[in-house]
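First up is the structure itself, then whatever we jot down about it.
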Amino acid sequence: MIQLEYRKKPLPLDKALNGTTLLLTGSVIDSINCLLPRRVERDLHENVLYIAGVIEPTRRIGLFVIAPKAETGRGYYHTDRASHAEVLNVLDEHDLAIVAQVHCHPGELVYHSEADDDLAFVRVEGHWSIVVPHYGLKGMFPLDRCGFHRFQNGTFALLTKEAVAKRIKVIAPSIRLTEV
Ligand SMILES: [Zn+2]
């Protein structure tokens with residue numbers, strides 16, 4: 001558990017090294033790095049994205065990124081039912097599911113707030129929620145600077161750095177086994 005000033009309830013930790021995994025393609029990471037930072041006039045805003053892909057019993061595979069319509073500000077984002085309906089239409093078209101959501105925080109703290117827990121679009125067992133620091137401006141690497149939360153036992157739990165190293169995997173665009 002982590003006790004944080006901005007939460008009344010402590011944030012549970014997920015220390016499992018062999019729990020379910022999340023696979024992301026390099027292009028998903030590139031898309032997040034490109035789409036997450038949101039500047040409105042001169043202000044940076046928090047922003048939200050969804051990762052669509054395939055859900056298997058022991059892993060989730062992210063294939064592409066959806067940028068939903070959202071109301072955003074320096075310290076919050078909000079999506080409404082109309083925005084959710086549009087996202088569900090895209091998922092239906094591709095016969096895919098949301099495997100994770102991603103949002104950014106202003107500073108380096110990447111722990112879920114209680115509002116993050118309560119307002120998550122998807123709150124089902126196994127759903128991932130990733131928080132990227134510094135409004136997403138510095139990108140997702142190294143991955144352990146981001147907060148990877150997994151919904152389990154009715155609440156979001158934060159993966160430890162050791163668990164992130166074992167369970168969050170990025171797939172290279174190609175792996176060459178031939179001689180040059
Ligand atoms: Zn947040």
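Residue names in the structure tokens use chain letters A, B, ... in the order shown, residue numbers from 1 in each chain, and ligand numbers from 1 in the order shown.
Residues of segment 55-146 of chain A that DSSP, applied to the backbone, places in strand (DSSP E): Ile55, Arg59, Arg60, Ile61, Gly62, Leu63, Phe64, Val65, Ile66, Glu71, Thr72, Gly73, Tyr76, Tyr77, His78, Ala97, Ile98, Val99, Ala100, Gln101, Val102, His103, Cys104, Trp128, Ser129, Ile130, Val131 and Val132 of chain A.
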Next, write the just-selected residues to a file, as a PDB file, in the first residue's frame, keeping N, CA and C atoms as the atom set.
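The resulting again.pdb:
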```pdb
ATOM      1  N   ILE A  55      -8.085  -9.120 -25.662  1.00  0.00           N
ATOM      2  CA  ILE A  55      -8.015  -9.578 -24.268  1.00  0.00           C
ATOM      3  C   ILE A  55      -7.921 -11.095 -24.252  1.00  0.00           C
ATOM      4  N   ARG A  59      -3.065 -12.351 -20.750  1.00  0.00           N
ATOM      5  CA  ARG A  59      -2.401 -11.134 -21.225  1.00  0.00           C
ATOM      6  C   ARG A  59      -3.363 -10.306 -22.070  1.00  0.00           C
ATOM      7  N   ARG A  60      -3.026  -9.041 -22.175  1.00  0.00           N
ATOM      8  CA  ARG A  60      -3.764  -8.140 -23.049  1.00  0.00           C
ATOM      9  C   ARG A  60      -2.781  -7.587 -24.076  1.00  0.00           C
ATOM     10  N   ILE A  61      -3.258  -7.451 -25.307  1.00  0.00           N
ATOM     11  CA  ILE A  61      -2.378  -7.013 -26.389  1.00  0.00           C
ATOM     12  C   ILE A  61      -2.935  -5.714 -26.968  1.00  0.00           C
ATOM     13  N   GLY A  62      -2.168  -4.629 -26.870  1.00  0.00           N
ATOM     14  CA  GLY A  62      -2.608  -3.332 -27.392  1.00  0.00           C
ATOM     15  C   GLY A  62      -2.190  -3.182 -28.838  1.00  0.00           C
ATOM     16  N   LEU A  63      -3.149  -2.825 -29.704  1.00  0.00           N
ATOM     17  CA  LEU A  63      -2.863  -2.746 -31.136  1.00  0.00           C
ATOM     18  C   LEU A  63      -2.921  -1.334 -31.697  1.00  0.00           C
ATOM     19  N   PHE A  64      -3.854  -0.522 -31.207  1.00  0.00           N
ATOM     20  CA  PHE A  64      -3.887   0.865 -31.689  1.00  0.00           C
ATOM     21  C   PHE A  64      -4.474   1.779 -30.628  1.00  0.00           C
ATOM     22  N   VAL A  65      -4.333   3.080 -30.860  1.00  0.00           N
ATOM     23  CA  VAL A  65      -4.700   4.073 -29.848  1.00  0.00           C
ATOM     24  C   VAL A  65      -5.891   4.888 -30.343  1.00  0.00           C
ATOM     25  N   ILE A  66      -6.835   5.126 -29.436  1.00  0.00           N
ATOM     26  CA  ILE A  66      -7.989   5.977 -29.747  1.00  0.00           C
ATOM     27  C   ILE A  66      -7.878   7.250 -28.908  1.00  0.00           C
ATOM     28  N   GLU A  71     -13.196  16.776 -22.323  1.00  0.00           N
ATOM     29  CA  GLU A  71     -13.053  18.118 -21.776  1.00  0.00           C
ATOM     30  C   GLU A  71     -11.802  18.056 -20.896  1.00  0.00           C
ATOM     31  N   THR A  72     -10.879  18.986 -21.103  1.00  0.00           N
ATOM     32  CA  THR A  72      -9.604  18.883 -20.390  1.00  0.00           C
ATOM     33  C   THR A  72      -9.241  20.201 -19.717  1.00  0.00           C
ATOM     34  N   GLY A  73      -8.394  20.110 -18.714  1.00  0.00           N
ATOM     35  CA  GLY A  73      -7.884  21.303 -18.033  1.00  0.00           C
ATOM     36  C   GLY A  73      -6.497  21.001 -17.495  1.00  0.00           C
ATOM     37  N   TYR A  76      -7.230  18.137 -14.833  1.00  0.00           N
ATOM     38  CA  TYR A  76      -8.318  17.156 -14.947  1.00  0.00           C
ATOM     39  C   TYR A  76      -8.627  16.855 -16.401  1.00  0.00           C
ATOM     40  N   TYR A  77      -9.329  15.762 -16.619  1.00  0.00           N
ATOM     41  CA  TYR A  77      -9.969  15.512 -17.908  1.00  0.00           C
ATOM     42  C   TYR A  77     -11.320  14.894 -17.608  1.00  0.00           C
ATOM     43  N   HIS A  78     -12.227  15.033 -18.557  1.00  0.00           N
ATOM     44  CA  HIS A  78     -13.547  14.457 -18.348  1.00  0.00           C
ATOM     45  C   HIS A  78     -14.079  13.972 -19.691  1.00  0.00           C
ATOM     46  N   ALA A  97     -11.407  -4.697 -28.189  1.00  0.00           N
ATOM     47  CA  ALA A  97     -11.825  -4.200 -26.870  1.00  0.00           C
ATOM     48  C   ALA A  97     -10.840  -3.136 -26.395  1.00  0.00           C
ATOM     49  N   ILE A  98     -11.234  -2.366 -25.400  1.00  0.00           N
ATOM     50  CA  ILE A  98     -10.263  -1.483 -24.742  1.00  0.00           C
ATOM     51  C   ILE A  98      -9.443  -2.354 -23.806  1.00  0.00           C
ATOM     52  N   VAL A  99      -8.147  -2.345 -23.971  1.00  0.00           N
ATOM     53  CA  VAL A  99      -7.300  -3.130 -23.060  1.00  0.00           C
ATOM     54  C   VAL A  99      -6.704  -2.257 -21.966  1.00  0.00           C
ATOM     55  N   ALA A 100      -6.628  -0.941 -22.232  1.00  0.00           N
ATOM     56  CA  ALA A 100      -6.035  -0.041 -21.241  1.00  0.00           C
ATOM     57  C   ALA A 100      -6.470   1.382 -21.544  1.00  0.00           C
ATOM     58  N   GLN A 101      -6.446   2.215 -20.524  1.00  0.00           N
ATOM     59  CA  GLN A 101      -6.589   3.644 -20.767  1.00  0.00           C
ATOM     60  C   GLN A 101      -5.312   4.317 -20.292  1.00  0.00           C
ATOM     61  N   VAL A 102      -5.068   5.483 -20.861  1.00  0.00           N
ATOM     62  CA  VAL A 102      -3.834   6.209 -20.564  1.00  0.00           C
ATOM     63  C   VAL A 102      -4.216   7.649 -20.271  1.00  0.00           C
ATOM     64  N   HIS A 103      -3.680   8.229 -19.207  1.00  0.00           N
ATOM     65  CA  HIS A 103      -3.819   9.676 -19.045  1.00  0.00           C
ATOM     66  C   HIS A 103      -2.532  10.238 -18.467  1.00  0.00           C
ATOM     67  N   CYS A 104      -2.408  11.555 -18.508  1.00  0.00           N
ATOM     68  CA  CYS A 104      -1.167  12.160 -18.027  1.00  0.00           C
ATOM     69  C   CYS A 104      -1.434  12.990 -16.782  1.00  0.00           C
ATOM     70  N   TRP A 128      -6.321  -2.215 -17.534  1.00  0.00           N
ATOM     71  CA  TRP A 128      -5.116  -1.460 -17.177  1.00  0.00           C
ATOM     72  C   TRP A 128      -5.368   0.037 -17.266  1.00  0.00           C
ATOM     73  N   SER A 129      -4.733   0.786 -16.394  1.00  0.00           N
ATOM     74  CA  SER A 129      -4.772   2.245 -16.466  1.00  0.00           C
ATOM     75  C   SER A 129      -3.351   2.763 -16.266  1.00  0.00           C
ATOM     76  N   ILE A 130      -2.870   3.479 -17.265  1.00  0.00           N
ATOM     77  CA  ILE A 130      -1.474   3.943 -17.278  1.00  0.00           C
ATOM     78  C   ILE A 130      -1.456   5.455 -17.066  1.00  0.00           C
ATOM     79  N   VAL A 131      -0.617   5.922 -16.160  1.00  0.00           N
ATOM     80  CA  VAL A 131      -0.454   7.364 -15.969  1.00  0.00           C
ATOM     81  C   VAL A 131       0.956   7.740 -16.420  1.00  0.00           C
ATOM     82  N   VAL A 132       1.029   8.725 -17.313  1.00  0.00           N
ATOM     83  CA  VAL A 132       2.307   9.191 -17.860  1.00  0.00           C
ATOM     84  C   VAL A 132       2.618  10.548 -17.206  1.00  0.00           C
TER      85      VAL A 132
END
```
Compile the contact shell of segment 7-12 of chain A as a VMD selection string: residues with an atom at most 9 Å away, counting only C-alpha atoms, same-chain residues fewer than 3 positions apart removed.
chain A and resid 1 to 4 111 to 114 155 to 159
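If you measure from each of A:Pro68, A:Gly147, A:Gly19, A:Pro173 to ligand 1 using only C-alpha atoms and all ligand atoms, the closest one turns out to be A:Gly147.
One distance worth recording is that between atom CA of Glu125 of chain A and atom CA of Glu93 of chain A, which is 23.6 Å.
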Could you check the closest approach to ligand 1 for each of A:Ala115, A:Val180, A:Met140, A:Val170 and tell me which residue wins, using only C-alpha atoms and all ligand atoms?
A:Ala115
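Using only C-alpha atoms and all ligand atoms, the shortest contact distance between ligand 1 and any of A:Arg38, A:Arg74, A:Arg145, A:Arg167 is found at A:Arg74.
Between Leu23 of chain A and the candidates A:Val110, A:Asp92, A:Asp80, A:Lys169, the tightest atom-to-atom separation, counting only C-alpha atoms, involves A:Lys169.
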